[in-house]
Each structure stands twice: as C-alpha cells, then as structure tokens.
>>> print(open('my_file_0.cif').read())   # mmCIF, C-alpha atoms
data_protein
loop_
_atom_site.label_atom_id
_atom_site.label_comp_id
_atom_site.auth_asym_id
_atom_site.auth_seq_id
_atom_site.Cartn_x
_atom_site.Cartn_y
_atom_site.Cartn_z
CA ALA A 27 0.00 0.00 0.00
CA TYR A 28 0.94 3.64 -0.24
CA LEU A 29 1.98 4.03 3.40
CA LEU A 30 1.77 7.70 4.27
CA CYS A 31 3.90 9.21 6.98
CA TYR A 32 2.00 8.87 10.29
CA GLY A 33 3.49 12.09 11.63
CA LEU A 34 1.99 14.18 8.84
CA HIS A 35 -1.52 12.70 8.84
CA ALA A 36 -4.28 11.97 11.30
CA ALA A 37 -4.42 8.48 12.76
CA PHE A 38 -6.12 5.76 10.75
CA THR A 39 -6.67 7.78 7.59
CA VAL A 40 -7.62 6.53 4.12
CA SER A 41 -6.89 8.75 1.10
CA VAL A 42 -7.85 8.54 -2.57
CA GLY A 43 -5.87 9.86 -5.48
CA ASN A 44 -8.86 11.24 -7.39
CA PRO A 45 -12.40 11.21 -5.94
CA ALA A 46 -14.00 11.55 -9.39
CA VAL A 47 -12.61 9.38 -12.19
CA LYS A 48 -13.81 9.36 -15.80
CA VAL A 49 -12.89 6.78 -18.42
CA LYS A 50 -14.18 5.79 -21.85
CA GLU A 51 -16.08 2.54 -22.18
CA ASN A 52 -13.96 -0.58 -22.87
CA GLU A 53 -10.79 1.06 -21.52
CA GLY A 54 -8.87 0.21 -18.32
CA VAL A 55 -8.75 2.44 -15.24
CA ASP A 56 -7.09 2.63 -11.81
CA LEU A 57 -8.88 3.63 -8.62
CA LYS A 58 -6.18 4.81 -6.18
CA CYS A 59 -6.63 4.21 -2.45
CA SER A 60 -3.91 4.53 0.20
CA TYR A 61 -3.83 4.51 4.00
CA THR A 62 -1.66 5.49 6.97
CA ALA A 63 0.85 3.10 8.58
CA ASP A 64 -1.02 2.81 11.87
CA PHE A 65 -3.44 0.31 10.28
CA GLY A 66 -0.56 -2.19 10.46
CA SER A 67 1.38 -4.13 7.87
CA SER A 68 -1.55 -6.30 6.77
CA PRO A 69 -4.80 -4.36 7.23
CA ARG A 70 -8.15 -5.61 5.98
CA VAL A 71 -9.01 -3.89 2.69
CA GLU A 72 -12.45 -4.16 1.10
CA TRP A 73 -14.03 -2.54 -1.97
CA LYS A 74 -17.77 -2.01 -2.36
CA PHE A 75 -19.76 -0.70 -5.33
CA LYS A 76 -23.06 1.21 -5.39
CA ASP A 77 -24.67 1.68 -8.80
CA LEU A 78 -26.83 4.59 -9.98
CA LYS A 79 -29.97 2.86 -8.68
CA GLY A 80 -28.55 2.52 -5.17
CA SER A 81 -27.86 -1.23 -5.29
CA GLN A 82 -24.68 -2.19 -3.41
CA THR A 83 -22.30 -5.04 -4.27
CA LEU A 84 -19.05 -6.38 -2.81
CA VAL A 85 -16.21 -6.03 -5.31
CA TYR A 86 -13.22 -7.22 -3.26
CA PHE A 87 -13.68 -9.20 -0.05
CA ASP A 88 -11.53 -11.57 1.99
CA ASN A 89 -8.48 -10.82 -0.17
CA GLN A 90 -10.12 -11.80 -3.47
CA PRO A 91 -12.47 -10.44 -6.14
CA THR A 92 -16.10 -11.49 -5.80
CA GLY A 93 -18.31 -13.20 -8.37
CA LYS A 94 -18.59 -11.20 -11.59
CA TYR A 95 -15.43 -9.20 -10.79
CA ALA A 96 -13.12 -12.23 -10.91
CA GLY A 97 -10.85 -11.81 -13.91
CA ARG A 98 -11.96 -8.18 -14.42
CA ILE A 99 -10.08 -6.45 -11.60
CA THR A 100 -6.70 -6.54 -9.94
CA VAL A 101 -6.20 -5.25 -6.38
CA TYR A 102 -2.69 -4.14 -5.51
CA ASP A 103 -0.96 -2.10 -2.80
CA GLY A 104 -2.47 1.33 -3.33
CA GLY A 105 -5.50 0.69 -5.42
CA LEU A 106 -7.74 -1.34 -7.71
CA ARG A 107 -7.49 -1.70 -11.48
CA PHE A 108 -10.24 -2.53 -13.97
CA ASN A 109 -8.92 -4.29 -17.06
CA LYS A 110 -11.89 -3.03 -19.11
CA VAL A 111 -14.94 -1.08 -17.97
CA THR A 112 -18.51 -1.09 -19.24
CA ARG A 113 -21.30 1.44 -18.73
CA ALA A 114 -22.67 -0.79 -15.94
CA ASP A 115 -19.54 0.00 -13.89
CA THR A 116 -20.58 3.64 -13.45
CA GLY A 117 -21.17 4.40 -9.78
CA ASP A 118 -19.51 4.88 -6.38
CA TYR A 119 -16.65 2.70 -5.11
CA ASP A 120 -15.92 2.59 -1.38
CA CYS A 121 -12.39 1.75 -0.25
CA GLU A 122 -12.62 0.50 3.36
CA VAL A 123 -9.55 -0.19 5.50
CA SER A 124 -9.45 -1.59 9.03
CA GLY A 125 -6.65 -2.82 11.31
CA ASN A 126 -5.11 -2.35 14.76
CA GLY A 127 -8.52 -1.21 16.04
CA GLY A 128 -8.82 1.56 13.47
CA TYR A 129 -11.21 2.06 10.55
CA ASP A 130 -11.67 4.56 7.72
CA GLU A 131 -13.16 4.68 4.25
CA LYS A 132 -13.26 6.94 1.20
CA THR A 133 -15.41 6.97 -1.93
CA ILE A 134 -14.38 7.27 -5.57
CA LYS A 135 -17.02 8.18 -8.14
CA LEU A 136 -16.39 6.40 -11.45
CA THR A 137 -18.11 7.60 -14.62
CA VAL A 138 -17.81 5.43 -17.70
CA LEU A 139 -18.17 7.73 -20.72
CA VAL A 140 -20.67 6.56 -23.36
CA PRO A 141 -21.90 8.72 -26.27
CA PRO A 142 -25.67 9.22 -26.53
CA SER A 143 -27.79 7.05 -28.78
CA LYS A 144 -30.61 8.25 -31.01
CA PRO A 145 -33.24 9.54 -28.58
CA VAL A 146 -36.78 8.24 -28.50
CA SER A 147 -39.30 11.08 -28.67
CA ARG A 148 -43.08 11.27 -28.39
CA ILE A 149 -44.83 14.14 -30.13
CA PRO A 150 -48.64 14.43 -30.34
CA SER A 151 -49.86 14.79 -33.90
CA SER A 152 -52.98 16.82 -33.07
CA VAL A 153 -54.00 18.92 -30.07
CA THR A 154 -56.83 21.36 -29.34
CA THR A 155 -56.24 25.07 -28.77
CA GLY A 156 -55.95 25.84 -25.07
CA SER A 157 -55.21 22.27 -24.01
CA ASN A 158 -52.05 20.91 -22.39
CA ALA A 159 -49.44 19.19 -24.57
CA ARG A 160 -46.27 17.38 -23.55
CA LEU A 161 -43.43 16.33 -25.86
CA THR A 162 -40.91 13.85 -24.40
CA CYS A 163 -37.37 12.87 -25.37
CA PHE A 164 -35.07 10.24 -23.83
CA ASP A 165 -31.68 8.72 -24.62
CA THR A 166 -31.11 5.28 -23.09
CA ASP A 167 -27.33 5.00 -23.46
CA GLY A 168 -25.59 8.30 -22.69
CA SER A 169 -23.18 8.35 -19.74
CA PRO A 170 -23.07 10.77 -18.07
CA PRO A 171 -26.82 11.27 -18.63
CA SER A 172 -27.62 13.40 -21.64
CA THR A 173 -29.11 16.86 -21.65
CA TYR A 174 -31.71 17.75 -24.26
CA ARG A 175 -32.77 20.56 -26.53
CA TRP A 176 -35.74 20.91 -28.84
CA TYR A 177 -36.11 22.24 -32.36
CA LYS A 178 -39.20 23.62 -34.07
CA ASP A 179 -39.14 23.85 -37.87
CA ASN A 180 -35.34 23.25 -37.68
CA THR A 181 -34.88 26.26 -35.36
CA PRO A 182 -33.47 25.58 -31.86
CA LEU A 183 -35.85 26.60 -29.09
CA PRO A 184 -34.31 28.53 -26.18
CA GLU A 185 -34.65 27.01 -22.73
CA ASP A 186 -36.46 30.16 -21.52
CA PRO A 187 -38.50 31.74 -24.35
CA THR A 188 -39.31 34.88 -22.32
CA LYS A 189 -35.70 36.06 -22.65
CA PHE A 190 -35.80 36.17 -26.47
CA PRO A 191 -38.03 38.60 -28.43
CA ASN A 192 -38.64 36.12 -31.26
CA PHE A 193 -39.98 33.50 -28.84
CA LYS A 194 -41.67 35.57 -26.13
CA ASN A 195 -45.15 34.73 -27.47
CA LEU A 196 -44.55 30.99 -27.03
CA THR A 197 -45.82 29.44 -23.80
CA TYR A 198 -43.73 26.28 -23.46
CA LYS A 199 -41.48 25.14 -20.62
CA MET A 200 -38.37 23.09 -21.42
CA ASN A 201 -36.59 20.76 -18.99
CA ILE A 202 -33.15 20.09 -20.46
CA PHE A 203 -32.46 17.30 -17.96
CA SER A 204 -35.65 15.25 -18.32
CA GLY A 205 -36.13 16.06 -22.03
CA ASN A 206 -39.72 17.27 -21.59
CA LEU A 207 -41.16 20.15 -23.62
CA GLU A 208 -44.51 21.11 -22.13
CA PHE A 209 -47.19 23.56 -23.26
CA ALA A 210 -49.64 24.58 -20.53
CA SER A 211 -52.03 26.04 -23.12
CA VAL A 212 -51.20 25.49 -26.78
CA SER A 213 -52.06 28.03 -29.46
CA LYS A 214 -51.95 27.90 -33.23
CA LEU A 215 -48.50 29.52 -33.04
CA ASP A 216 -47.25 26.22 -31.63
CA THR A 217 -48.11 24.28 -34.80
CA GLY A 218 -44.95 22.99 -36.45
CA SER A 219 -42.44 20.19 -36.95
CA TYR A 220 -40.54 19.20 -33.78
CA PHE A 221 -37.53 17.03 -32.97
CA CYS A 222 -35.15 16.74 -30.01
CA GLU A 223 -31.38 16.39 -29.65
CA ALA A 224 -29.42 14.53 -26.93
CA SER A 225 -25.81 15.32 -25.98
CA ASN A 226 -23.47 14.62 -23.07
CA GLY A 227 -20.10 15.86 -24.30
CA GLU A 228 -19.13 12.44 -25.63
CA GLY A 229 -19.27 11.76 -29.34
CA THR A 230 -21.71 13.47 -31.68
CA PRO A 231 -25.07 14.81 -30.44
CA GLN A 232 -27.90 12.59 -31.60
CA ARG A 233 -31.23 13.76 -33.02
CA GLY A 234 -34.59 12.04 -32.83
CA ASP A 235 -37.12 11.75 -35.63
CA ALA A 236 -39.09 14.90 -36.53
CA ALA A 237 -42.88 14.88 -36.26
CA ARG A 238 -45.48 17.53 -36.92
CA MET A 239 -47.84 18.79 -34.24
CA GLU A 240 -51.05 20.44 -35.47
CA VAL A 241 -53.07 22.74 -33.21
CA HIS A 242 -56.80 22.96 -34.03
CA ASP A 243 -59.59 25.15 -32.67
CA LEU A 244 -62.35 23.43 -30.78
CA ASN A 245 -65.15 22.65 -33.31
CA VAL A 246 -68.11 24.07 -31.35
CA GLY A 247 -70.37 24.01 -34.41
CA GLY A 248 -69.66 20.35 -34.97
CA ILE A 249 -70.46 19.52 -31.35
CA VAL A 250 -73.77 21.43 -31.48
CA ALA A 251 -74.67 19.75 -34.77
CA GLY A 252 -73.94 16.36 -33.27
CA VAL A 253 -76.22 17.04 -30.29
CA ILE A 254 -79.03 18.21 -32.61
CA VAL A 255 -78.72 15.11 -34.77
CA ALA A 256 -78.87 12.90 -31.66
CA LEU A 257 -82.00 14.67 -30.39
CA LEU A 258 -83.68 14.36 -33.81
CA ALA A 259 -82.90 10.65 -33.88
CA VAL A 260 -84.48 10.16 -30.44
CA GLY A 261 -87.54 12.21 -31.53
CA LEU A 262 -88.00 10.18 -34.69
CA LEU A 263 -87.75 6.95 -32.71
CA LEU A 264 -90.43 8.07 -30.24
CA PHE A 265 -92.72 9.26 -33.07
CA GLY A 266 -92.30 5.93 -34.87
CA LEU A 267 -93.28 4.00 -31.75
CA TRP A 268 -96.37 6.21 -31.21
CA PHE A 269 -97.47 5.90 -34.86
CA ALA A 270 -97.01 2.13 -34.89
CA SER A 271 -99.01 1.81 -31.70
CA LYS A 272 -101.83 3.98 -33.03
CA LYS A 273 -102.09 1.97 -36.26
CA GLY A 274 -102.10 -1.29 -34.36
CA TYR A 275 -98.78 -2.49 -35.69
CA LEU A 276 -97.50 -3.24 -32.20
CA PRO A 277 -98.80 -6.36 -30.38
CA LYS A 278 -101.58 -5.61 -27.87
CA LYS A 279 -101.55 -6.78 -24.30
CA ALA A 280 -103.58 -9.94 -23.66
CA GLU A 281 -107.07 -9.01 -22.29
CA SER A 282 -108.21 -10.73 -19.10
CA LYS A 283 -111.37 -12.87 -19.54
CA PRO A 284 -114.40 -12.25 -17.23
CA LYS A 285 -115.10 -14.91 -14.66
CA GLN A 286 -117.97 -17.34 -15.65
CA ALA A 287 -120.49 -19.06 -13.38
CA VAL A 288 -120.45 -22.84 -13.49
CA TYR A 289 -123.65 -24.63 -12.62
CA THR A 290 -123.44 -27.93 -10.73
CA GLN A 291 -126.22 -30.48 -11.13
CA PRO A 292 -128.13 -30.89 -7.82
CA ARG A 293 -127.64 -34.18 -5.96
CA THR A 294 -129.83 -36.09 -3.56
CA ASP A 295 -128.73 -36.06 0.05
CA ASP A 296 -129.76 -38.29 2.88
CA MET A 297 -133.44 -38.49 3.90
CA ASP A 298 -134.56 -36.02 6.58
CA ASP A 299 -135.96 -38.20 9.35
CA GLU A 300 -138.37 -35.58 10.70
CA ASP A 301 -140.38 -34.46 7.65
CA GLY A 302 -139.73 -37.42 5.36
CA GLU A 303 -138.71 -35.27 2.55
CA PHE A 304 -135.56 -35.28 0.55
CA ARG A 305 -133.23 -32.36 1.17
CA GLN A 306 -131.71 -31.15 -2.07
CA LYS A 307 -128.49 -29.32 -2.25
CA SER A 308 -127.23 -27.38 -5.17
CA SER A 309 -124.17 -25.25 -5.47
CA PHE A 310 -122.73 -22.70 -7.83
CA VAL A 311 -119.07 -22.45 -8.50
CA VAL A 312 -117.91 -19.05 -9.59
#
>>> encode(input="my_file_0.cif", output="structure tokens")
Amino acid sequence: AYLLCYGLHAAFTVSVGNPAVKVKENEGVDLKCSYTADFGSSPRVEWKFKDLKGSQTLVYFDNQPTGKYAGRITVYDGGLRFNKVTRADTGDYDCEVSGNGGYDEKTIKLTVLVPPSKPVSRIPSSVTTGSNARLTCFDTDGSPPSTYRWYKDNTPLPEDPTKFPNFKNLTYKMNIFSGNLEFASVSKLDTGSYFCEASNGEGTPQRGDAARMEVHDLNVGGIVAGVIVALLAVGLLLFGLWFASKKGYLPKKAESKPKQAVYTQPRTDDMDDEDGEFRQKSSFVV
C-alpha cells in the first residue's frame, strides 16, 4: 500500500488519489486508495460498489475479487485496477480499510463515458387550442446522462423563451435534464415540426425523428350539430313508436277474460228423518 507518513496525517486515515474518475467505455482504469501506517502491515481492505440505482455489491472481499469481478479487476498495494470497464460499472466505489482497532473509508465516483444514442421522442400529432401538450425525449445509453434541446421547424428553441423577443409569445417550458417540452395552453402559433437532440459531451449529439404537431380550434359548431342530430334521432324513434301503436302495428296486451259461473247439477242427500222429505243441495261455483 501507499503508506503515508503517520506524523503528517491523522491516525487511521484513508486517502484517494482522485475522488471523481472518468474513463471511456472498454478502456482500463485505476482507482487509487492509500492509508496510513497505523493500520498495520496487513490491514483488511475491502471494496464495495453502489450503482446509480442505489444497489450495493461487494467487489473485493476476503483478499479476493467477488463473483462477476473475478478476472476483471486486480487489487494491488495502493489501489484497484479494472482491465476493461462497461457502462454498468458507473457508480460509487468505497475503499474500506481496518486494522489495529482503526477504521476509515473513502469513496471514488467512477463515470464510464458513453456517447448518446438516437433519442426516443413522443410528439402528439394533433391537439386542441388551449389544451395541455407534452413532448418527451429520452436517450437510453448516454453516460453521463444526456441533456436535451428541442427544435421547431429546424430552429433551436431557447430554454427560456421569455428572454428572447422572437420567442416571447410561445408558452412552453423546457426541462433540459428530463427532455420534456410542455405547453400549458397550446395556441396555433405552436403548430410545427418538432424534434429533439441529446448530448453529453461524448461523441456526436444525436437527433430524434421529426414529427409535426397540429393545433386545431375546438369545433363548437360540430359539437352542437352532433347534439341536434342525436335529439332528432331520439324524436324520430319516439314518433315511430307512437305511430305504430296507433295503427295497431304493435302487439296488444292480452285481455283478461271475465269470470264465468259454473252450474253444478243438484244431488240427492240423505233423507230427513223428521219431515220425510228429501233435502236437495245445489251449489254454484264461480
């Protein structure tokens, strides 16, 4: 290791040569990490990696590279070397040193430089006057992340249109970091052909496909006409039902039949013992 003079530095101190390292993709790079002598002659040295999404991985542990780093890195006294980096290696590397009861760590930010790719943009083809419209642009490969600018009819749009006389009547807001171009209330002045451009200082800026956005007035007359047509259709339907009913074209409801009396033939009952006459009974069923 780079053993720094104990008398000139605080006890148990880790130092890095460059806290922010940049390297082109597929090239090798060294991450320098040194420590003071009070850690001892054989301190415990570990390297950890945290990617841009916050996921942490052990790179060097128990005196050997871990998993996917075997064959890709070499750890030596004073640092770590990547034989060849990829864009996935962009992130923070922690150099942790412990020994003789002491501990310290330092972080090196590694950025693998990758030119932008052709950005993917989404541009609405038709919007209504006064409505909100959002145009989006995104480059999936650029490292560091790309910044964006928009063009209308091949003319670059300024980030803040209010600062330029030729654009002060435009109502958009541009976010150069997210790639969004948003209109809170579009007007016919916003009609045109749009495309975006991604750049990050590496390679040539890349442009997305151009697409035309048309701004139309709300067709009030068409809406009113549609409502009238719908009302006329309902009226005609009701009139047709009434006319058909009046002419007897529709089936009538079944009429209920009046109840009929049913006569039952009288029958002879038992003889009445007192008067010697037959008692006749008759009944009507309704």
>>> resolve_selection(input="my_file_0.cif", expression="the PyMOL selection byres ((chain A and resi 124) around 7)", output="PDB file with C-alpha atoms, keeping the file's coordinate frame")
ATOM      1  CA  PHE A  65      -3.440   0.310  10.280  1.00  0.00           C
ATOM      2  CA  PRO A  69      -4.800  -4.360   7.230  1.00  0.00           C
ATOM      3  CA  ARG A  70      -8.150  -5.610   5.980  1.00  0.00           C
ATOM      4  CA  VAL A  71      -9.010  -3.890   2.690  1.00  0.00           C
ATOM      5  CA  GLU A 122     -12.620   0.500   3.360  1.00  0.00           C
ATOM      6  CA  VAL A 123      -9.550  -0.190   5.500  1.00  0.00           C
ATOM      7  CA  GLY A 125      -6.650  -2.820  11.310  1.00  0.00           C
ATOM      8  CA  GLY A 128      -8.820   1.560  13.470  1.00  0.00           C
ATOM      9  CA  TYR A 129     -11.210   2.060  10.550  1.00  0.00           C
ATOM     10  CA  ASP A 130     -11.670   4.560   7.720  1.00  0.00           C
TER      11      ASP A 130
END
>>> residues_around(input="my_file_0.cif", residues="Thr100 in chain A", least_positions_apart="4", cutoff="8 Å", atoms="all atoms listed in the file", output="MDAnalysis selection string")
chainID A and resid 91 106:109
>>> atom_distance(input="my_file_0.cif", atom1="CA of Val55 in chain A", atom2="CA of Phe75 in chain A")
15.1 Å
>>> resolve_selection(input="my_file_0.cif", expression="the PyMOL selection byres ((chain A and resi 202) around 7)", output="ChimeraX atom specification")
/A:173-175,200-201,203-205
>>> write_last_selection(input="my_file_0.cif", atoms="C-alpha atoms", output="short mmCIF file (atom, residue, chain, number, x, y, z; two decimals), in the coordinates of the input")
data_model
loop_
_atom_site.label_atom_id
_atom_site.label_comp_id
_atom_site.auth_asym_id
_atom_site.auth_seq_id
_atom_site.Cartn_x
_atom_site.Cartn_y
_atom_site.Cartn_z
CA THR A 173 -29.11 16.86 -21.65
CA TYR A 174 -31.71 17.75 -24.26
CA ARG A 175 -32.77 20.56 -26.53
CA MET A 200 -38.37 23.09 -21.42
CA ASN A 201 -36.59 20.76 -18.99
CA PHE A 203 -32.46 17.30 -17.96
CA SER A 204 -35.65 15.25 -18.32
CA GLY A 205 -36.13 16.06 -22.03
#
>>> atom_distance(input="my_file_0.cif", atom1="CA of Ser225 in chain A", atom2="CA of Ile149 in chain A")
19.5 Å
>>> closest_residue(input="my_file_0.cif", among="A:Lys74, A:Arg238, A:Lys135, A:Lys144", to="Asp179 in chain A", atoms="all atoms listed in the file")
A:Arg238
>>> atom_distance(input="my_file_0.cif", atom1="CA of Pro182 in chain A", atom2="CA of Thr137 in chain A")
29.3 Å
>>> closest_residue(input="my_file_0.cif", among="A:Asp115, A:Glu208, A:Asp77, A:Asp56", to="Thr162 in chain A", atoms="all atoms listed in the file")
A:Glu208
>>> residues_around(input="my_file_0.cif", residues="Pro45 in chain A", least_positions_apart="2", cutoff="8 Å", atoms="only C-alpha atoms", output="list in words")
Val42, Gly43, Val47, Thr133, Ile134 and Lys135 of chain A
>>> axis_aligned_box(input="my_file_0.cif", around="range 75-94 of chain A", padding_each_side="6 Å", output="JSON")
{"center_x": -19.2, "center_y": -4.3, "center_z": -4.8, "size_x": 33.5, "size_y": 29.8, "size_z": 25.6}
